[in-house]
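What follows is a single structure, written as structure tokens, with notes after it.
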Amino acid sequence: MAAKKPSRHNQEKILFILMGFIILGLIVSGYFLFVRKILPEISSGKETTTAQAAPEGASAAINDDLAAANELIPQEEAQDLRIYFGVKGKDLLTSELRRVRKKTMLIAQARQIIETLLEGPVTGTMYQLLPREIKLRGLYFDSGTFIVDLSREFADLRVFGPTEQILAVYSLVNSLTELDPKARVKFLVNGSEPAAEDGHVDLSLPLTRIEKLIQN
Amino acid sequence: MSFNTIRSAQKLSLAGMLLFFFGMTIIATAQDGYISARSFAESQGIAHLWFPVQKMLVMRKGLKSVKLRLNDPIALVDDKEVALPAAPRMQDGQIMVPAAALQRLFQGTTNVVPVIPPNSMQSTTPERQSPPAIMVPIAQTPAPVPTPVPFAQPMQPQTQQEKPPVISVEDSSEAVLLALRHSSREDHTRVVLEFSAPVTYRTEFKDGTYRLTIVGCRNLIPTKRTNPGGRDVNRLEINSGADRKGLILNFVLPQKEKAPTIETVATPFRMIVSIPCPPNLLPVATATALIATAPAQLTAASSSPVVTKTVPAVPAVPAVAAAPKAESAPEINIEVVSAKLNDESFAGRTVVIDPGHGGSDNGFVFSGRPEEKQVNLAVARHLKSRLEEIGFKAVMTRTSDVDLPQSQRVSFANRHGGDLYISLHTSGSADPLKAGVACYYFAPEGYFVNKDAQGAQHDAAFSEWLRSTRFDLAMFVAKKVNERLVQHLRVDSRGVKALPLLPLKFIMNPAVMVEVGMLSDKTEGKNLISDKYQQAVAQSIANAVVDFFNGIVIK
């Protein structure tokens with residue numbers, strides 16, 4: 001006796017259930033992909049804030065903070081950024097390693113660098129060159145040049161002396177060019193190209209990395 | 001230098017009429033009526049091509065073609081030779097041509113007249129026009145119309161047979177406003193308008209608005225202009241005149257009592273508008289009083305006996321009421337022995353001194369202490385007198401508290417030539433540990449330069465400047481200045497460094513920037529406001545200049 005052939009109605013029912021499972025799977029995987037991967041890339045979140053290797057002289061409190069912050073980011077999702085700050089008492093720059101959440105897009109990494117730079121150093125022997133009031137208005141990458149659009153406070157750096165302005169500008173240039181040492185950095189102030197009429201650095205030109213400003 | 005090209009049209013509604021107000025880039029040297037050929041061409045829609053090997057600029061509009069050669073006063077207009085009043089020249093990487101002549105070449109209104117010897121042309125030039133003291137309606141007493149002025153540039157001597165036609169500038173209806181700049185003085189603001197040819201004007205002062213109507217010029221406004229808005233002027237509006245000819249400048253003033261005055265100077269035609277300060281804001285005391293309140297006593301010891309002289313210091317201002325929290329300058333007694341030139345043939349060499357910042361740019365400001373611009377100026381004045389005592393010729397880029405853009409400083413330094421350029425600065429830092437002096441010379445590291453650039457591009461001019469400038473001499477001066485400052489003032493040295501500093505860029509002579517101290521430092525900052533300390537700084541730098549010339553061996 002031949003087995004009873006399932007009716008057409010039942011076949012369709014099974015197919016619908018299967019399709020439902022497939023769609024549900026896609027929605028769930030899409031959600032996790034968006035939350036875990038895409039959202040961190042596009043957000044300019046503040047989930048950074050850690051320095052990895054605290055040099056000598058850093059206080060115990062800072063070390064505790066670092067250890068606590070390191071635990072917040074799992075090792076596989078972390079990335080170290082080299083950010084340049086001023087050395088106290090010297091006209092030089094020195095780097096601080098900051099552990100942040102890993103980003104794959106270049107522009108997202110550059111944004112992380114500038115935001116971390118504007119937060120200031122964690123290490124006690126360093127000081128912040130760029131005022132905290134500076135806001136990052138926009139950031140683009142075009143033909144090997146980072147175009148950094150900063151708020152008006154950036155133009156006020158010229159009131160400091162020649163060295164201070166050079167160090168401040170090149171702390172940003174050197175930090176950004178850690179991503180690509182051959183890249184150039186072009187500044188905009190409030191969306192406009194600065195004139196080469198005042199200040200101590202010609203901000204109207206693309207700037208490149210200066211190694212000799214970095215403390216050995 | 002960067003080329004600025006603006007092709008913007010802005011509609012303004014005035015009495016039911018639409019007036020168009022459009023700007024173009026006119027980068028011109030204010031002194032001789034030159035205009036950037038490239039900027040002019042771009043703003044007027046003229047095709048242009050630069051041939052670097054032939055040093056020729058070809059400009060085309062419609063069927064008209066104009067060929068200009070560098071340093072050649074003969075232009076080829078549709079293959080016919082036409083003599084320009086002055087030869088095109090290269091300046092700051094740009095081709096500069098006589099403004100009015102270029103305009104006439106393309107307007108087809110060229111008047112061909114016989115060549116007039118330069119002397120006879122100069123003789124008709126009025127030296128200085130007497131200004132109308134107050135507002136005068138044009139119908140009653142028209143403003144002075146100076147005789148048309150040719151360009152100051154001397155013409156090439158030519159024989160009578162070979163004389164090509166000359167571009168006449170007699171028609172003043174097409175003068176161009178070459179420059180619009182301003183400077184802030186203690187009791188007034190000065191706005192300078194510079195035209196390529198004479199113009200006529202009339203003034204009107206009503207309800208705090210000073211209207212200056214200029215006739216006989218095109219309605220082109222240079223984009224390189226300053227905004228005099230501030231204490232004496234609320235705002236400046238520039239509109240086109242009727243039928244898109246001429247200019248109307250409205251100065252909206254904070255006071256209605258005192259009318260501005262106008263002074264006119266010929267060659268080139270220049271109008272100087274002096275806008276008085278509102279009476280209630282007249283400065284009673286300035287922070288300059290902190291720098292020097294009396295003629296300074298300086299002990300300038302030469303190699304033999306000690307001579308005490310009275311040196312004119314910064315002009316004294318009676319009261320210090322404006323700065324209640326001002327710190328007092330400490331008593332400082334530093335005697336700096338004046339160095340002596342080994343080779344007297346170096347006496348008379350020119351040193352250009354550039355006091356950093358000025359005018360609206362205060363430089364570093366530390367609460368209770370004079371602004372950086374004032375300290376720089378005071379040290380520069382002392383340095384000038386010290387150098388002149390030694391036997392050098394010293395010139396300063398600014399002698400008062402005025403705004404001075406970097407391009408003008410460069411232009412001043414390169415025009416005066418000289419053997420040294422010293423840019424004086426003080427400094428400040430967020431780091432309280434930083435103190436001491438530092439000296440800098442230029443290094444190109446840190447700028448991206450396209451080495452393949454050619455012609456009038458910035459990068460080409462920059463590369464050429466790097467090749468032709470003696471940075472080794474600049475380093476030598478910087479070392480000497482640093483040594484002398486540390487030796488005489490007993491301060492910390494922050495080193496001699498090569499940095500890509502804008503104030504030293506495009507200076508053709510050996511140029512150094514001296515950071516004479518940190519205004520933010522507890523001790524050094526106080527010392528810097530002392531007149532005697534400033535004199536000691538100046539003497540140390542002057543000694544370093546002597547060291548520099550003593551170190552030169554002429555083979």
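As shown in the structure tokens, the chain order sets the letters A, B, ...; within each chain, residues go from 1, and ligands are also counted from 1 in the order they appear.
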
What's the 8 Å shell around Lys90 of chain A, counting only C-alpha atoms, without same-chain residues fewer than 2 positions away, as an mmCIF file with N, CA and C atoms, in the first residue's frame?
```
data_model
loop_
_atom_site.group_PDB
_atom_site.id
_atom_site.type_symbol
_atom_site.label_atom_id
_atom_site.label_comp_id
_atom_site.auth_asym_id
_atom_site.auth_seq_id
_atom_site.Cartn_x
_atom_site.Cartn_y
_atom_site.Cartn_z
ATOM 1 N N GLY A 86 52.321 66.814 25.172
ATOM 2 C CA GLY A 86 53.532 67.550 25.513
ATOM 3 C C GLY A 86 54.233 66.940 26.720
ATOM 4 N N VAL A 87 55.544 67.050 26.740
ATOM 5 C CA VAL A 87 56.318 66.601 27.897
ATOM 6 C C VAL A 87 56.494 67.809 28.815
ATOM 7 N N LYS A 88 56.160 67.661 30.063
ATOM 8 C CA LYS A 88 56.289 68.790 30.989
ATOM 9 C C LYS A 88 57.746 69.235 31.107
ATOM 10 N N LEU A 92 58.974 69.189 23.705
ATOM 11 C CA LEU A 92 58.938 67.952 22.928
ATOM 12 C C LEU A 92 57.587 67.267 23.093
ATOM 13 N N LYS B 434 57.822 75.443 32.234
ATOM 14 C CA LYS B 434 58.622 75.929 31.098
ATOM 15 C C LYS B 434 59.086 77.362 31.306
ATOM 16 N N ARG B 494 66.275 76.951 26.115
ATOM 17 C CA ARG B 494 65.379 75.905 25.610
ATOM 18 C C ARG B 494 65.837 75.431 24.241
#
```

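For Ile83 of chain A, the list of residues within 6 Å, based on only C-alpha atoms and with local chain neighbours fewer than 3 positions off taken out, reads Ser95, Glu96 and Ser175 of chain A.
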
Writer output for current selection, C-alpha atoms, as a PDB file, in the first residue's frame:
```
ATOM      1  CA  SER A  95      53.395  59.291  23.132  1.00  0.00           C
ATOM      2  CA  GLU A  96      50.903  57.599  25.350  1.00  0.00           C
ATOM      3  CA  SER A 175      48.998  61.253  16.229  1.00  0.00           C
TER       4      SER A 175
END
```

Write out as a ChimeraX atom specification every residue belonging to chain B that has an atom at most 10 Å from any atom of chain A, counting only C-alpha atoms.
/B:1-2,4,356-357,361-365,372,404-409,425-435,438,440,445-449,458-459,494-495,497-505,513-515,517-520

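Across the model, the gap from atom CA of Lys373 of chain B to atom CA of Val352 of chain B is 17.1 Å.
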
What is the atom CA of Gly246 of chain B to atom CA of Tyr201 of chain B distance in Å?
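Separation of atom CA of Gly246 of chain B and atom CA of Tyr201 of chain B: 9.4 Å.
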
Give me, as a PDB file with N, CA and C atoms, in the first residue's frame, all polymer residues having an atom no more than 9 Å from Leu68 of chain B, counting only C-alpha atoms and skipping those fewer than 3 positions away in the same chain.
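Below is the file that was written, result19.pdb:
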```
ATOM      1  N   LYS B  55      59.104  82.486 -19.687  1.00  0.00           N
ATOM      2  CA  LYS B  55      58.689  83.500 -18.718  1.00  0.00           C
ATOM      3  C   LYS B  55      57.637  84.423 -19.340  1.00  0.00           C
ATOM      4  N   MET B  56      56.666  83.787 -19.936  1.00  0.00           N
ATOM      5  CA  MET B  56      55.641  84.549 -20.645  1.00  0.00           C
ATOM      6  C   MET B  56      54.261  84.129 -20.156  1.00  0.00           C
ATOM      7  N   LEU B  57      53.413  85.108 -19.959  1.00  0.00           N
ATOM      8  CA  LEU B  57      52.026  84.857 -19.584  1.00  0.00           C
ATOM      9  C   LEU B  57      51.160  85.255 -20.771  1.00  0.00           C
ATOM     10  N   VAL B  58      50.399  84.295 -21.251  1.00  0.00           N
ATOM     11  CA  VAL B  58      49.510  84.578 -22.381  1.00  0.00           C
ATOM     12  C   VAL B  58      48.083  84.622 -21.851  1.00  0.00           C
ATOM     13  N   MET B  59      47.403  85.710 -22.124  1.00  0.00           N
ATOM     14  CA  MET B  59      46.028  85.870 -21.667  1.00  0.00           C
ATOM     15  C   MET B  59      45.147  86.062 -22.891  1.00  0.00           C
ATOM     16  N   ASP B  72      59.711  92.772 -18.703  1.00  0.00           N
ATOM     17  CA  ASP B  72      59.746  93.403 -20.018  1.00  0.00           C
ATOM     18  C   ASP B  72      58.543  94.346 -20.123  1.00  0.00           C
ATOM     19  N   PRO B  73      58.773  95.621 -20.271  1.00  0.00           N
ATOM     20  CA  PRO B  73      57.642  96.553 -20.290  1.00  0.00           C
ATOM     21  C   PRO B  73      56.872  96.556 -21.604  1.00  0.00           C
ATOM     22  N   ILE B  74      57.316  95.746 -22.578  1.00  0.00           N
ATOM     23  CA  ILE B  74      56.618  95.689 -23.866  1.00  0.00           C
ATOM     24  C   ILE B  74      55.678  94.487 -23.846  1.00  0.00           C
ATOM     25  N   ALA B  75      54.403  94.737 -24.054  1.00  0.00           N
ATOM     26  CA  ALA B  75      53.425  93.648 -24.137  1.00  0.00           C
ATOM     27  C   ALA B  75      53.034  93.475 -25.589  1.00  0.00           C
ATOM     28  N   LEU B  76      52.656  92.251 -25.937  1.00  0.00           N
ATOM     29  CA  LEU B  76      52.183  91.994 -27.295  1.00  0.00           C
ATOM     30  C   LEU B  76      50.670  91.872 -27.236  1.00  0.00           C
ATOM     31  N   VAL B  77      49.982  92.870 -27.761  1.00  0.00           N
ATOM     32  CA  VAL B  77      48.524  92.836 -27.797  1.00  0.00           C
ATOM     33  C   VAL B  77      48.138  92.554 -29.233  1.00  0.00           C
ATOM     34  N   ALA B  87      57.119  97.196 -16.075  1.00  0.00           N
ATOM     35  CA  ALA B  87      57.279  95.817 -16.520  1.00  0.00           C
ATOM     36  C   ALA B  87      56.605  94.851 -15.556  1.00  0.00           C
ATOM     37  N   PRO B  88      56.003  93.778 -16.058  1.00  0.00           N
ATOM     38  CA  PRO B  88      55.487  92.738 -15.161  1.00  0.00           C
ATOM     39  C   PRO B  88      56.632  92.144 -14.360  1.00  0.00           C
ATOM     40  N   VAL B  97      51.355  92.621 -12.528  1.00  0.00           N
ATOM     41  CA  VAL B  97      51.375  93.539 -13.676  1.00  0.00           C
ATOM     42  C   VAL B  97      50.715  94.847 -13.260  1.00  0.00           C
TER      43      VAL B  97
END
```

Just give me the gap between atom CA of Phe462 of chain B and atom CA of Met396 of chain B in Å, one decimal is fine.
24.7 Å

As a list in words, which residues of segment 111-214 of chain A does DSSP assign to alpha helix (DSSP H)?
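Here is the list: Arg111, Gln112, Ile113, Ile114, Glu115, Thr116, Leu117, Leu118, Glu119, Pro162, Thr163, Glu164, Gln165, Ile166, Leu167, Ala168, Val169, Tyr170, Ser171, Leu172, Val173, Asn174, Ser175 and Leu176 of chain A.
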
Output N, CA and C atoms of each residue in that selection to a file, as a short mmCIF file (atom, residue, chain, number, x, y, z; two decimals), in the first residue's frame.
```cif
data_model
loop_
_atom_site.label_atom_id
_atom_site.label_comp_id
_atom_site.auth_asym_id
_atom_site.auth_seq_id
_atom_site.Cartn_x
_atom_site.Cartn_y
_atom_site.Cartn_z
N ARG A 111 39.00 59.52 14.00
CA ARG A 111 38.11 60.24 14.91
C ARG A 111 38.42 59.86 16.37
N GLN A 112 38.67 58.57 16.59
CA GLN A 112 39.04 58.10 17.94
C GLN A 112 40.30 58.81 18.42
N ILE A 113 41.27 58.93 17.51
CA ILE A 113 42.55 59.55 17.87
C ILE A 113 42.34 60.99 18.30
N ILE A 114 41.58 61.74 17.51
CA ILE A 114 41.41 63.17 17.82
C ILE A 114 40.61 63.32 19.13
N GLU A 115 39.61 62.49 19.29
CA GLU A 115 38.81 62.61 20.52
C GLU A 115 39.65 62.24 21.75
N THR A 116 40.48 61.24 21.60
CA THR A 116 41.35 60.86 22.72
C THR A 116 42.37 61.96 23.01
N LEU A 117 42.86 62.57 21.95
CA LEU A 117 43.84 63.66 22.10
C LEU A 117 43.21 64.84 22.84
N LEU A 118 41.97 65.13 22.51
CA LEU A 118 41.30 66.27 23.15
C LEU A 118 40.91 65.97 24.60
N GLU A 119 40.85 64.67 24.94
CA GLU A 119 40.55 64.32 26.34
C GLU A 119 41.72 64.63 27.25
N PRO A 162 55.58 80.39 19.77
CA PRO A 162 55.86 79.57 18.59
C PRO A 162 55.94 78.08 18.91
N THR A 163 56.69 77.76 19.96
CA THR A 163 56.88 76.33 20.26
C THR A 163 55.57 75.68 20.65
N GLU A 164 54.82 76.38 21.49
CA GLU A 164 53.59 75.78 21.97
C GLU A 164 52.62 75.52 20.82
N GLN A 165 52.56 76.47 19.90
CA GLN A 165 51.64 76.26 18.78
C GLN A 165 52.12 75.13 17.88
N ILE A 166 53.42 75.11 17.65
CA ILE A 166 53.98 74.03 16.82
C ILE A 166 53.70 72.68 17.48
N LEU A 167 53.95 72.60 18.79
CA LEU A 167 53.75 71.33 19.49
C LEU A 167 52.28 70.93 19.45
N ALA A 168 51.40 71.90 19.66
CA ALA A 168 49.97 71.59 19.69
C ALA A 168 49.50 71.07 18.33
N VAL A 169 49.90 71.77 17.28
CA VAL A 169 49.45 71.38 15.94
C VAL A 169 50.04 70.02 15.57
N TYR A 170 51.33 69.86 15.85
CA TYR A 170 51.96 68.61 15.43
C TYR A 170 51.67 67.44 16.38
N SER A 171 51.13 67.71 17.57
CA SER A 171 50.67 66.58 18.39
C SER A 171 49.51 65.91 17.67
N LEU A 172 48.69 66.72 17.02
CA LEU A 172 47.56 66.16 16.27
C LEU A 172 48.05 65.52 14.97
N VAL A 173 48.96 66.21 14.30
CA VAL A 173 49.45 65.68 13.01
C VAL A 173 50.18 64.35 13.25
N ASN A 174 51.07 64.34 14.24
CA ASN A 174 51.83 63.11 14.49
C ASN A 174 50.92 61.98 14.98
N SER A 175 49.91 62.30 15.76
CA SER A 175 49.00 61.25 16.23
C SER A 175 48.22 60.67 15.06
N LEU A 176 47.73 61.52 14.20
CA LEU A 176 46.95 61.03 13.05
C LEU A 176 47.81 60.23 12.08
#
```

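Counting only C-alpha atoms, the residue from B:Leu102, B:Val191, B:Ala453, B:Val553 that sits nearest to Glu263 of chain B is B:Val191.
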
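The residue that comes closest to Arg82 of chain A, out of A:Ala108, A:Leu188, A:Leu179, A:Ile27 and on the basis of only C-alpha atoms, is A:Leu179.
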
Can you list, as a compact mmCIF listing (two decimals) with C-alpha atoms, in the first residue's frame, every protein, DNA or RNA residue that comes within 12 Å of His48 of chain B when you count only C-alpha atoms, leaving out same-chain residues fewer than 4 positions away?
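Written file, around.txt:
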```
# COMPACT_ATOMS: atom_id res chain seq x y z
CA ALA B 37 47.67 88.89 -13.26
CA ARG B 38 46.40 85.44 -12.54
CA SER B 39 43.83 86.49 -9.99
CA PHE B 40 42.64 89.23 -12.27
CA ALA B 41 42.31 86.83 -15.18
CA GLU B 42 40.38 84.30 -13.14
CA SER B 43 37.98 86.90 -11.81
CA GLN B 44 37.33 88.36 -15.24
CA MET B 56 55.64 84.55 -20.64
CA LEU B 57 52.03 84.86 -19.58
CA VAL B 58 49.51 84.58 -22.38
CA MET B 59 46.03 85.87 -21.67
CA ARG B 60 43.11 85.49 -24.05
CA LYS B 61 39.62 86.84 -24.00
CA GLY B 62 37.55 86.41 -27.13
CA LYS B 64 42.04 89.50 -28.01
CA SER B 65 45.33 88.00 -26.89
CA VAL B 66 47.86 89.65 -24.65
CA LYS B 67 51.34 88.32 -24.12
CA LEU B 68 53.31 89.56 -21.15
CA ILE B 95 53.11 87.52 -11.69
```
